[in-house]
$ cat target_0.txt   # compact mmCIF, C-alpha atoms and all ligand atoms
# COMPACT_ATOMS: atom_id res chain seq x y z
CA MET A 1 8.95 -30.17 -8.91
CA LEU A 2 9.23 -28.11 -5.72
CA ASN A 3 6.87 -28.81 -2.84
CA PHE A 4 5.79 -25.73 -0.91
CA ALA A 5 4.58 -25.08 2.62
CA LEU A 6 2.35 -22.01 2.86
CA ILE A 7 2.25 -20.15 6.17
CA GLY A 8 -0.73 -17.80 6.35
CA ALA A 9 -3.90 -18.45 4.40
CA GLY A 10 -5.53 -15.01 4.41
CA ARG A 11 -6.09 -12.66 1.50
CA ILE A 12 -2.67 -12.89 -0.16
CA GLY A 13 -1.93 -16.43 1.11
CA LYS A 14 -4.94 -17.75 -0.81
CA MET A 15 -3.68 -16.06 -3.98
CA HIS A 16 -0.17 -17.48 -3.52
CA ALA A 17 -1.66 -20.97 -3.07
CA GLU A 18 -3.39 -20.66 -6.45
CA ILE A 19 -0.22 -19.39 -8.11
CA ILE A 20 1.93 -22.19 -6.65
CA ASN A 21 -0.42 -24.79 -8.09
CA LEU A 22 -0.67 -23.01 -11.44
CA ASN A 23 3.10 -23.14 -11.90
CA PRO A 24 4.08 -26.47 -13.55
CA ASN A 25 7.23 -26.62 -11.40
CA SER A 26 5.64 -26.25 -7.97
CA LYS A 27 2.99 -27.84 -5.84
CA LEU A 28 1.38 -26.81 -2.55
CA LYS A 29 1.83 -29.57 0.01
CA PHE A 30 1.05 -28.06 3.43
CA VAL A 31 -0.89 -25.06 4.71
CA TYR A 32 -0.64 -23.57 8.19
CA ASP A 33 -2.65 -20.69 9.64
CA VAL A 34 -3.64 -19.95 13.24
CA ASN A 35 -7.12 -19.71 11.81
CA GLN A 36 -7.83 -23.36 11.00
CA GLU A 37 -10.85 -22.48 8.87
CA PHE A 38 -8.73 -20.33 6.57
CA ALA A 39 -6.11 -23.06 6.37
CA LYS A 40 -8.73 -25.71 5.57
CA ASN A 41 -10.35 -23.57 2.91
CA VAL A 42 -7.08 -22.85 1.10
CA ALA A 43 -5.82 -26.43 1.49
CA SER A 44 -9.03 -27.89 0.06
CA LEU A 45 -8.90 -25.55 -2.94
CA SER A 46 -5.28 -26.52 -3.56
CA ASN A 47 -5.29 -30.24 -2.85
CA ALA A 48 -2.92 -29.69 0.08
CA SER A 49 -2.95 -30.81 3.74
CA VAL A 50 -3.50 -28.67 6.83
CA VAL A 51 -0.93 -28.92 9.62
CA ASN A 52 -1.47 -27.95 13.26
CA LYS A 53 1.91 -26.34 13.75
CA ALA A 54 4.14 -24.37 11.39
CA GLU A 55 7.12 -26.57 12.41
CA GLU A 56 5.36 -29.69 11.09
CA ALA A 57 5.24 -28.20 7.60
CA ILE A 58 8.54 -26.33 7.59
CA ASN A 59 10.64 -29.20 8.99
CA SER A 60 9.01 -31.86 6.84
CA ASN A 61 11.34 -33.73 4.45
CA GLU A 62 8.61 -33.44 1.84
CA ILE A 63 9.00 -29.65 1.72
CA ASP A 64 11.47 -27.88 -0.57
CA ALA A 65 10.47 -24.24 0.00
CA VAL A 66 8.38 -22.06 2.31
CA LEU A 67 6.11 -19.19 1.33
CA ILE A 68 5.31 -16.87 4.26
CA ALA A 69 2.10 -14.87 3.81
CA SER A 70 0.99 -14.58 7.42
CA ALA A 71 0.46 -11.33 9.35
CA THR A 72 3.54 -9.08 9.32
CA PRO A 73 4.57 -9.47 13.02
CA THR A 74 4.92 -13.24 12.49
CA HIS A 75 7.31 -13.10 9.48
CA ILE A 76 10.62 -13.13 11.37
CA GLU A 77 9.70 -16.14 13.49
CA PHE A 78 8.87 -18.15 10.35
CA ILE A 79 11.84 -16.83 8.33
CA LYS A 80 14.18 -18.03 11.11
CA MET A 81 12.42 -21.38 11.42
CA ALA A 82 12.62 -22.03 7.68
CA ALA A 83 16.17 -20.75 7.22
CA LYS A 84 17.41 -22.88 10.11
CA ALA A 85 15.68 -25.90 8.55
CA GLY A 86 17.63 -25.15 5.33
CA LYS A 87 14.50 -24.23 3.37
CA PRO A 88 14.48 -21.38 0.83
CA VAL A 89 11.97 -18.70 1.83
CA LEU A 90 9.74 -16.38 -0.15
CA CYS A 91 8.38 -13.98 2.49
CA GLU A 92 5.79 -11.28 1.98
CA LYS A 93 6.75 -7.67 2.61
CA PRO A 94 7.50 -6.03 5.00
CA ILE A 95 10.00 -8.28 6.81
CA ASP A 96 8.80 -6.68 10.05
CA LEU A 97 7.84 -3.20 11.28
CA ASP A 98 10.69 -3.04 13.81
CA ILE A 99 14.15 -2.47 12.32
CA ASN A 100 15.83 -3.76 15.52
CA LYS A 101 14.11 -7.11 15.06
CA VAL A 102 15.13 -7.15 11.37
CA ASN A 103 18.77 -6.35 12.25
CA LYS A 104 18.77 -9.05 14.94
CA CYS A 105 17.38 -11.59 12.46
CA LYS A 106 20.05 -10.60 9.90
CA GLU A 107 22.77 -11.18 12.51
CA GLU A 108 21.28 -14.48 13.65
CA LEU A 109 21.09 -15.83 10.10
CA LYS A 110 24.37 -14.43 8.82
CA ASN A 111 26.01 -17.87 8.50
CA ILE A 112 22.96 -19.58 7.07
CA LYS A 113 23.10 -20.15 3.32
CA SER A 114 19.40 -20.74 2.73
CA PRO A 115 18.11 -18.00 0.39
CA ILE A 116 15.47 -15.53 1.54
CA GLN A 117 13.49 -13.62 -1.06
CA ILE A 118 11.21 -10.72 -0.05
CA GLY A 119 7.85 -10.24 -1.78
CA PHE A 120 8.35 -6.90 -3.46
CA ASN A 121 6.26 -8.12 -6.38
CA ARG A 122 6.23 -4.82 -8.26
CA ARG A 123 9.81 -5.44 -9.40
CA PHE A 124 8.43 -8.33 -11.46
CA ASP A 125 5.76 -6.28 -13.21
CA LEU A 126 6.66 -6.33 -16.92
CA SER A 127 6.01 -2.61 -17.46
CA HIS A 128 7.77 -1.43 -14.29
CA SER A 129 10.74 -3.67 -15.09
CA LYS A 130 10.87 -2.23 -18.66
CA ALA A 131 11.02 1.22 -17.06
CA GLN A 132 13.88 0.02 -14.87
CA GLN A 133 15.66 -1.39 -17.95
CA ALA A 134 15.24 1.94 -19.76
CA ARG A 135 17.26 3.40 -16.90
CA SER A 136 19.89 0.65 -16.68
CA LYS A 137 20.41 0.51 -20.49
CA LYS A 138 20.61 4.33 -20.57
CA GLU A 139 17.76 4.50 -23.13
CA ILE A 140 16.67 7.69 -21.37
CA GLY A 141 20.21 9.01 -20.99
CA ASN A 142 21.18 10.09 -17.50
CA LEU A 143 18.45 9.49 -14.96
CA GLU A 144 17.19 12.70 -13.35
CA MET A 145 13.73 12.06 -11.89
CA ILE A 146 11.41 9.18 -10.94
CA ILE A 147 7.72 9.81 -10.26
CA ILE A 148 5.68 7.07 -8.62
CA THR A 149 1.93 7.31 -8.19
CA SER A 150 0.44 4.59 -6.04
CA ARG A 151 -3.17 4.93 -4.88
CA ASP A 152 -5.46 2.25 -3.51
CA PRO A 153 -9.05 2.05 -4.78
CA ALA A 154 -10.74 2.32 -1.37
CA ALA A 155 -9.73 2.95 2.23
CA PRO A 156 -9.29 -0.22 4.33
CA SER A 157 -11.17 -1.13 7.51
CA LEU A 158 -10.18 0.18 10.95
CA ASP A 159 -9.14 -3.36 11.92
CA TYR A 160 -6.77 -3.48 8.96
CA LEU A 161 -5.32 -0.07 9.80
CA ASN A 162 -4.79 -1.01 13.45
CA ALA A 163 -2.97 -4.21 12.48
CA ALA A 164 -1.02 -3.14 9.37
CA GLY A 165 1.55 -0.97 11.12
CA GLY A 166 1.16 2.39 9.35
CA PHE A 167 0.97 3.69 5.81
CA PHE A 168 4.72 4.22 5.23
CA ARG A 169 5.96 0.86 6.55
CA ASP A 170 3.10 -1.26 5.19
CA THR A 171 2.15 0.40 1.89
CA THR A 172 4.67 3.02 0.75
CA ILE A 173 7.38 0.44 1.46
CA HIS A 174 6.53 -0.98 -2.01
CA ASP A 175 7.28 2.43 -3.56
CA PHE A 176 10.46 2.87 -1.53
CA ASP A 177 11.59 -0.50 -2.87
CA LEU A 178 10.53 0.34 -6.43
CA SER A 179 12.55 3.58 -6.19
CA ARG A 180 15.60 1.58 -5.09
CA PHE A 181 15.00 -0.93 -7.90
CA ILE A 182 14.96 1.79 -10.57
CA LEU A 183 17.88 3.69 -9.03
CA GLY A 184 20.03 0.54 -9.12
CA GLU A 185 23.42 1.04 -7.45
CA ASP A 186 22.66 4.69 -6.61
CA PRO A 187 21.41 4.67 -2.99
CA VAL A 188 18.62 6.82 -1.54
CA VAL A 189 20.34 9.23 0.87
CA GLN A 190 17.62 11.68 1.90
CA VAL A 191 13.87 11.70 2.42
CA SER A 192 11.23 14.32 3.09
CA ALA A 193 7.71 13.16 3.93
CA PHE A 194 4.21 14.56 4.39
CA GLY A 195 1.18 12.66 5.67
CA GLU A 196 -2.39 13.99 5.82
CA ASN A 197 -5.89 13.05 6.92
CA LEU A 198 -8.17 14.38 4.22
CA PHE A 199 -11.11 11.98 4.03
CA ASP A 200 -10.86 8.72 5.98
CA LYS A 201 -12.10 8.80 9.59
CA ASN A 202 -10.69 5.33 10.25
CA ALA A 203 -7.19 6.47 9.32
CA LYS A 204 -7.50 9.33 11.79
CA THR A 205 -8.77 7.01 14.54
CA ALA A 206 -5.85 4.66 13.89
CA LYS A 207 -3.45 7.65 13.99
CA ASP A 208 -2.53 6.87 10.41
CA PHE A 209 -2.75 8.87 7.17
CA ASP A 210 -4.96 8.58 4.11
CA THR A 211 -2.80 10.77 1.87
CA ALA A 212 0.98 11.05 1.67
CA MET A 213 3.72 12.54 -0.45
CA PHE A 214 7.46 12.04 -0.42
CA ILE A 215 10.61 13.38 -2.04
CA LEU A 216 13.66 11.12 -1.97
CA LYS A 217 17.12 12.09 -3.15
CA SER A 218 19.75 9.64 -4.34
CA LYS A 219 23.49 9.94 -3.82
CA LEU A 220 23.89 11.08 -7.47
CA GLY A 221 21.16 13.68 -6.99
CA VAL A 222 18.26 11.89 -8.71
CA LEU A 223 14.97 13.16 -7.26
CA VAL A 224 12.13 10.72 -6.62
CA HIS A 225 8.57 11.84 -6.02
CA ILE A 226 6.10 9.34 -4.52
CA ASN A 227 2.42 10.11 -3.96
CA ASN A 228 0.01 7.80 -2.17
CA SER A 229 -3.71 7.85 -1.44
CA ARG A 230 -5.93 5.30 0.27
CA ARG A 231 -8.77 6.14 -2.12
CA ALA A 232 -8.96 6.57 -5.89
CA VAL A 233 -12.55 6.31 -7.13
CA TYR A 234 -11.39 5.11 -10.56
CA GLY A 235 -9.46 2.03 -9.32
CA TYR A 236 -5.95 0.99 -8.33
CA ASP A 237 -3.77 3.76 -9.72
CA GLN A 238 -0.23 2.50 -10.39
CA ARG A 239 2.01 4.67 -12.56
CA VAL A 240 5.75 5.07 -12.82
CA GLU A 241 7.54 7.76 -14.80
CA VAL A 242 11.29 7.62 -15.34
CA PHE A 243 12.78 10.82 -16.75
CA GLY A 244 16.28 11.47 -18.05
CA SER A 245 18.49 13.55 -20.34
CA LYS A 246 17.38 11.66 -23.47
CA GLY A 247 13.71 11.19 -22.76
CA MET A 248 11.16 9.53 -20.55
CA VAL A 249 9.42 6.19 -20.14
CA ILE A 250 6.06 5.72 -18.47
CA SER A 251 4.68 2.52 -17.01
CA ASN A 252 1.02 3.37 -17.16
CA ASN A 253 -2.20 2.08 -15.65
CA GLN A 254 -3.57 -1.06 -17.22
CA THR A 255 -7.12 -2.00 -18.05
CA PRO A 256 -8.40 -5.59 -18.11
CA ASN A 257 -8.85 -5.25 -21.90
CA SER A 258 -8.05 -2.63 -24.52
CA ILE A 259 -11.53 -1.93 -25.87
CA GLU A 260 -12.37 1.71 -26.57
CA ARG A 261 -16.00 2.83 -26.91
CA PHE A 262 -17.45 5.32 -29.38
CA THR A 263 -21.06 6.26 -28.57
CA SER A 264 -23.40 9.25 -29.05
CA SER A 265 -22.23 10.67 -25.70
CA SER A 266 -18.51 9.86 -25.68
CA THR A 267 -15.64 8.85 -27.88
CA SER A 268 -12.80 6.50 -27.18
CA SER A 269 -13.47 5.97 -23.50
CA LYS A 270 -11.53 3.01 -22.09
CA GLU A 271 -12.61 0.45 -19.53
CA THR A 272 -11.95 1.29 -15.88
CA ILE A 273 -8.51 0.31 -14.63
CA HIS A 274 -7.85 -2.84 -12.56
CA PHE A 275 -9.55 -2.89 -9.15
CA PHE A 276 -6.68 -3.74 -6.77
CA PHE A 277 -3.31 -5.43 -6.36
CA ILE A 278 -4.35 -9.04 -6.98
CA GLU A 279 -5.79 -8.11 -10.39
CA ARG A 280 -3.19 -5.48 -11.36
CA TYR A 281 -0.10 -7.42 -10.33
CA GLN A 282 -1.22 -10.98 -11.16
CA GLN A 283 1.53 -11.40 -13.77
CA ALA A 284 4.09 -9.95 -11.34
CA TYR A 285 3.11 -12.34 -8.53
CA ARG A 286 3.41 -15.29 -10.94
CA ASP A 287 6.78 -14.15 -12.26
CA GLN A 288 7.95 -13.51 -8.70
CA LEU A 289 7.25 -17.17 -7.88
CA GLU A 290 8.83 -18.29 -11.17
CA SER A 291 11.96 -16.30 -10.33
CA PHE A 292 12.04 -17.83 -6.81
CA ILE A 293 11.78 -21.36 -8.27
CA GLU A 294 14.46 -20.65 -10.87
CA MET A 295 16.71 -19.24 -8.16
CA ILE A 296 16.39 -22.46 -6.10
CA ASN A 297 16.88 -24.74 -9.11
CA SER A 298 19.92 -22.85 -10.37
CA ASN A 299 21.37 -22.37 -6.88
CA SER A 300 21.66 -18.63 -7.52
CA LYS A 301 20.78 -15.54 -5.44
CA PRO A 302 17.27 -14.14 -4.94
CA LYS A 303 16.37 -11.16 -7.14
CA VAL A 304 14.94 -9.39 -4.07
CA THR A 305 16.99 -10.00 -0.95
CA PHE A 306 16.51 -9.73 2.82
CA GLU A 307 18.79 -6.68 2.57
CA ASP A 308 16.37 -5.07 0.09
CA GLY A 309 13.60 -5.60 2.64
CA ARG A 310 15.77 -4.12 5.40
CA LYS A 311 16.74 -1.05 3.34
CA ALA A 312 13.14 -0.29 2.33
CA LEU A 313 12.17 -0.38 6.02
CA ILE A 314 15.04 1.98 6.88
CA ILE A 315 13.70 4.47 4.29
CA ALA A 316 10.17 4.11 5.73
CA ASN A 317 11.52 4.81 9.23
CA ALA A 318 13.36 7.89 7.96
CA ALA A 319 10.11 9.05 6.29
CA TYR A 320 8.31 8.86 9.66
CA GLU A 321 11.16 10.80 11.26
CA SER A 322 10.88 13.45 8.52
CA PHE A 323 7.13 13.75 9.10
CA GLU A 324 7.54 14.04 12.87
CA LYS A 325 10.45 16.50 12.81
CA LYS A 326 9.19 18.40 9.74
CA LYS A 327 12.62 18.21 8.15
CA ILE A 328 14.68 16.42 5.53
CA ILE A 329 16.30 13.29 7.00
CA ASP A 330 19.68 11.86 5.99
CA ILE A 331 19.54 8.08 5.62
CA SER A 332 22.13 5.64 6.93
CA TYR A 333 21.85 1.90 6.24
CA ASP A 334 24.15 0.70 9.05
N1 LIG A 401 3.00 -8.01 -1.86
C1 LIG A 401 1.77 -7.56 -1.83
O1 LIG A 401 1.27 -7.00 -2.79
C2 LIG A 401 0.94 -7.75 -0.58
C3 LIG A 401 -0.43 -7.51 -0.63
C4 LIG A 401 -1.18 -7.76 0.53
C5 LIG A 401 -0.58 -8.18 1.69
N2 LIG A 401 0.77 -8.35 1.71
C6 LIG A 401 1.45 -8.81 2.95
O2 LIG A 401 1.06 -10.16 3.19
C7 LIG A 401 0.87 -10.40 4.59
C8 LIG A 401 -0.55 -10.90 4.83
O3 LIG A 401 -1.46 -9.90 4.39
P1 LIG A 401 -3.00 -10.24 4.06
O4 LIG A 401 -3.55 -9.04 3.41
O5 LIG A 401 -3.12 -11.56 3.40
O6 LIG A 401 -3.58 -10.34 5.55
P2 LIG A 401 -4.73 -11.27 6.10
O7 LIG A 401 -5.09 -10.70 7.43
O8 LIG A 401 -5.80 -11.47 5.09
O9 LIG A 401 -4.00 -12.68 6.29
C9 LIG A 401 -3.04 -12.89 7.27
C10 LIG A 401 -3.20 -14.33 7.74
O10 LIG A 401 -2.16 -14.61 8.69
C11 LIG A 401 -2.73 -15.47 9.67
N3 LIG A 401 -1.92 -15.44 10.86
C12 LIG A 401 -1.83 -14.51 11.85
N4 LIG A 401 -0.96 -14.88 12.79
C13 LIG A 401 -0.46 -16.09 12.40
C14 LIG A 401 0.49 -16.99 12.96
N5 LIG A 401 1.10 -16.74 14.11
N6 LIG A 401 0.74 -18.12 12.28
C15 LIG A 401 0.12 -18.40 11.10
N7 LIG A 401 -0.79 -17.59 10.54
C16 LIG A 401 -1.07 -16.46 11.18
C17 LIG A 401 -4.12 -14.91 9.88
O11 LIG A 401 -4.99 -15.85 10.52
C18 LIG A 401 -4.53 -14.60 8.44
O12 LIG A 401 -5.18 -15.69 7.82
C19 LIG A 401 1.21 -9.08 5.28
O13 LIG A 401 2.53 -9.10 5.71
C20 LIG A 401 1.03 -8.03 4.18
O14 LIG A 401 1.86 -6.89 4.36
C21 LIG A 401 1.53 -8.16 0.60
$ encode --input "target_0.txt" --output "structure tokens"
Amino acid sequence: MLNFALIGAGRIGKMHAEIINLNPNSKLKFVYDVNQEFAKNVASLSNASVVNKAEEAINSNEIDAVLIASATPTHIEFIKMAAKAGKPVLCEKPIDLDINKVNKCKEELKNIKSPIQIGFNRRFDLSHSKAQQARSKKEIGNLEMIIITSRDPAAPSLDYLNAAGGFFRDTTIHDFDLSRFILGEDPVVQVSAFGENLFDKNAKTAKDFDTAMFILKSKLGVLVHINNSRRAVYGYDQRVEVFGSKGMVISNNQTPNSIERFTSSSTSSKETIHFFFIERYQQAYRDQLESFIEMINSNSKPKVTFEDGRKALIIANAAYESFEKKKIIDISYD
């Protein structure tokens, strides 16, 4: 049984608390959040204790692992604290918005053995990972194109936009990582990005985008198309298409059930798709935790590493550069 400390008890922290307690091999012991009310609420739902300082939880002998789900600018501080205390870390994406801080953290922790896993949960989605396997097992022959559609159901608040750090580094970073996951050893070497303001006033006020499109190119010449929107009236639109010389696989949208309706006005209409990430990726979040626990118990390496988090941020930065300079950007991971 692994005892967890949870840092950050907001939207995703609350979900992680539930998942930790649902897993028969883990238990939530301590919760820390600068907002004591949030911490108390999550702790009471999970039979855990609230601590007044992150150090109290992270350094406690009763803790085997740390899950960081606090606001993005706080991740590095807690990653360092946990790694230096010898505690395995599962940290939400992105590691940080500033690549210099990420590089500095990498350098500072280079001799520390404690594993750090980054929360790119989509890699653990059963359908997306089947699509990745179709590529790695050559079921679709030679990979030629990847098409990722990722659209949120509704635009977020202005407060969220002001705090999140921008569409590419906060949201598309999942798709940059998913591209890397499917490409495997073949690195992304170029990016071309467009961002637009088509409908959301808040995005414009926050100097952010509501609509974006990207083309990435891998070293072997595989082309990756990513399209993002902050609003899809029909729900959380998550599709991945992997195309090669011997065919194609599609990881399609999922509905909460598979009922199809036949009435006097329509035939075979399905239920609406899942509302948002917590519903759509519930299985992936659970399997992500399961994989983290297995990694600790078997003393192996995380399936999604700090370096994966760093590389996805480098692609996001290159995408911003492409947008600003209106040109294709070559990517270097140094
Ligand atoms: N993997 C995913 O699908 C996914 C989905 C949503 C959010 N996230 C990531 O999870 C993180 C949290 O996002 P959220 O949507 O839950 O945000 P949120 O605003 O709901 O929660 C963030 C929490 O962090 C707390 N916090 C802020 N500063 C803190 C500090 N110094 N110490 C401790 N707690 C602090 C806040 O009080 C808040 O409760 C972000 O990094 C976000 O990018 C990942």
$ atom_distance --input "target_0.txt" --atom1 "CA of Met15 (chain A)" --atom2 "CA of Arg280 (chain A)"
12.9 Å
$ closest_atom_pairs --input "target_0.txt" --of "chain A" --to "ligand LIG 401 (chain A)" --cutoff "7 Å" --atoms "all atoms listed in the file" --output "tab-separated table"
residue	atom	partner	partner_atom	distance
A:Ile7	CA	A:LIG401	C15	5.6
A:Gly8	CA	A:LIG401	N7	4.2
A:Ala9	CA	A:LIG401	O12	4.6
A:Gly10	CA	A:LIG401	O9	3.4
A:Arg11	CA	A:LIG401	O5	3.7
A:Ile12	CA	A:LIG401	O5	3.8
A:Gly13	CA	A:LIG401	O5	5.5
A:Tyr32	CA	A:LIG401	C15	6.0
A:Asp33	CA	A:LIG401	N7	3.7
A:Val34	CA	A:LIG401	N7	4.6
A:Asn35	CA	A:LIG401	O11	4.6
A:Phe38	CA	A:LIG401	O12	6.0
A:Ala69	CA	A:LIG401	C7	4.7
A:Ser70	CA	A:LIG401	O10	3.4
A:Ala71	CA	A:LIG401	O10	4.2
A:Thr72	CA	A:LIG401	O13	3.7
A:Thr74	CA	A:LIG401	N5	5.4
A:Glu92	CA	A:LIG401	O2	5.0
A:Lys93	CA	A:LIG401	O14	5.3
A:Pro94	CA	A:LIG401	O14	5.7
A:Gly119	CA	A:LIG401	N1	5.3
A:Phe120	CA	A:LIG401	N1	5.7
A:Asn121	CA	A:LIG401	N1	5.6
A:Ala164	CA	A:LIG401	O14	6.9
A:Asp170	CA	A:LIG401	O14	5.8
A:Phe277	CA	A:LIG401	O1	6.0
$ write_last_selection --input "target_0.txt" --atoms "C-alpha atoms" --output "PDB file, in the coordinates of the input"
ATOM      1  CA  ILE A   7       2.250 -20.150   6.170  1.00  0.00           C
ATOM      2  CA  GLY A   8      -0.730 -17.800   6.350  1.00  0.00           C
ATOM      3  CA  ALA A   9      -3.900 -18.450   4.400  1.00  0.00           C
ATOM      4  CA  GLY A  10      -5.530 -15.010   4.410  1.00  0.00           C
ATOM      5  CA  ARG A  11      -6.090 -12.660   1.500  1.00  0.00           C
ATOM      6  CA  ILE A  12      -2.670 -12.890  -0.160  1.00  0.00           C
ATOM      7  CA  GLY A  13      -1.930 -16.430   1.110  1.00  0.00           C
ATOM      8  CA  TYR A  32      -0.640 -23.570   8.190  1.00  0.00           C
ATOM      9  CA  ASP A  33      -2.650 -20.690   9.640  1.00  0.00           C
ATOM     10  CA  VAL A  34      -3.640 -19.950  13.240  1.00  0.00           C
ATOM     11  CA  ASN A  35      -7.120 -19.710  11.810  1.00  0.00           C
ATOM     12  CA  PHE A  38      -8.730 -20.330   6.570  1.00  0.00           C
ATOM     13  CA  ALA A  69       2.100 -14.870   3.810  1.00  0.00           C
ATOM     14  CA  SER A  70       0.990 -14.580   7.420  1.00  0.00           C
ATOM     15  CA  ALA A  71       0.460 -11.330   9.350  1.00  0.00           C
ATOM     16  CA  THR A  72       3.540  -9.080   9.320  1.00  0.00           C
ATOM     17  CA  THR A  74       4.920 -13.240  12.490  1.00  0.00           C
ATOM     18  CA  GLU A  92       5.790 -11.280   1.980  1.00  0.00           C
ATOM     19  CA  LYS A  93       6.750  -7.670   2.610  1.00  0.00           C
ATOM     20  CA  PRO A  94       7.500  -6.030   5.000  1.00  0.00           C
ATOM     21  CA  GLY A 119       7.850 -10.240  -1.780  1.00  0.00           C
ATOM     22  CA  PHE A 120       8.350  -6.900  -3.460  1.00  0.00           C
ATOM     23  CA  ASN A 121       6.260  -8.120  -6.380  1.00  0.00           C
ATOM     24  CA  ALA A 164      -1.020  -3.140   9.370  1.00  0.00           C
ATOM     25  CA  ASP A 170       3.100  -1.260   5.190  1.00  0.00           C
ATOM     26  CA  PHE A 277      -3.310  -5.430  -6.360  1.00  0.00           C
TER      27      PHE A 277
END
$ residues_around --input "target_0.txt" --residues "Leu289 (chain A)" --least-positions-apart "4" --cutoff "9 Å" --atoms "only C-alpha atoms" --output "mmCIF file with C-alpha atoms, in the frame of the given file"
data_model
loop_
_atom_site.group_PDB
_atom_site.id
_atom_site.type_symbol
_atom_site.label_atom_id
_atom_site.label_comp_id
_atom_site.auth_asym_id
_atom_site.auth_seq_id
_atom_site.Cartn_x
_atom_site.Cartn_y
_atom_site.Cartn_z
ATOM 1 C CA HIS A 16 -0.170 -17.480 -3.520
ATOM 2 C CA ILE A 19 -0.220 -19.390 -8.110
ATOM 3 C CA ILE A 20 1.930 -22.190 -6.650
ATOM 4 C CA ASN A 23 3.100 -23.140 -11.900
ATOM 5 C CA LEU A 90 9.740 -16.380 -0.150
ATOM 6 C CA ALA A 284 4.090 -9.950 -11.340
ATOM 7 C CA TYR A 285 3.110 -12.340 -8.530
ATOM 8 C CA ILE A 293 11.780 -21.360 -8.270
ATOM 9 C CA GLU A 294 14.460 -20.650 -10.870
#
$ axis_aligned_box --input "target_0.txt" --around "region 128-132 of chain A" --padding-each-side "8 Å" --output "AutoDock Vina command-line options"
--center_x 10.8 --center_y -1.2 --center_z -16.5 --size_x 22.1 --size_y 20.9 --size_z 20.4
$ closest_residue --input "target_0.txt" --among "A:Gln190, A:Ser179, A:Gln36, A:Asn47" --to "Asp308 (chain A)" --atoms "all atoms listed in the file"
A:Ser179
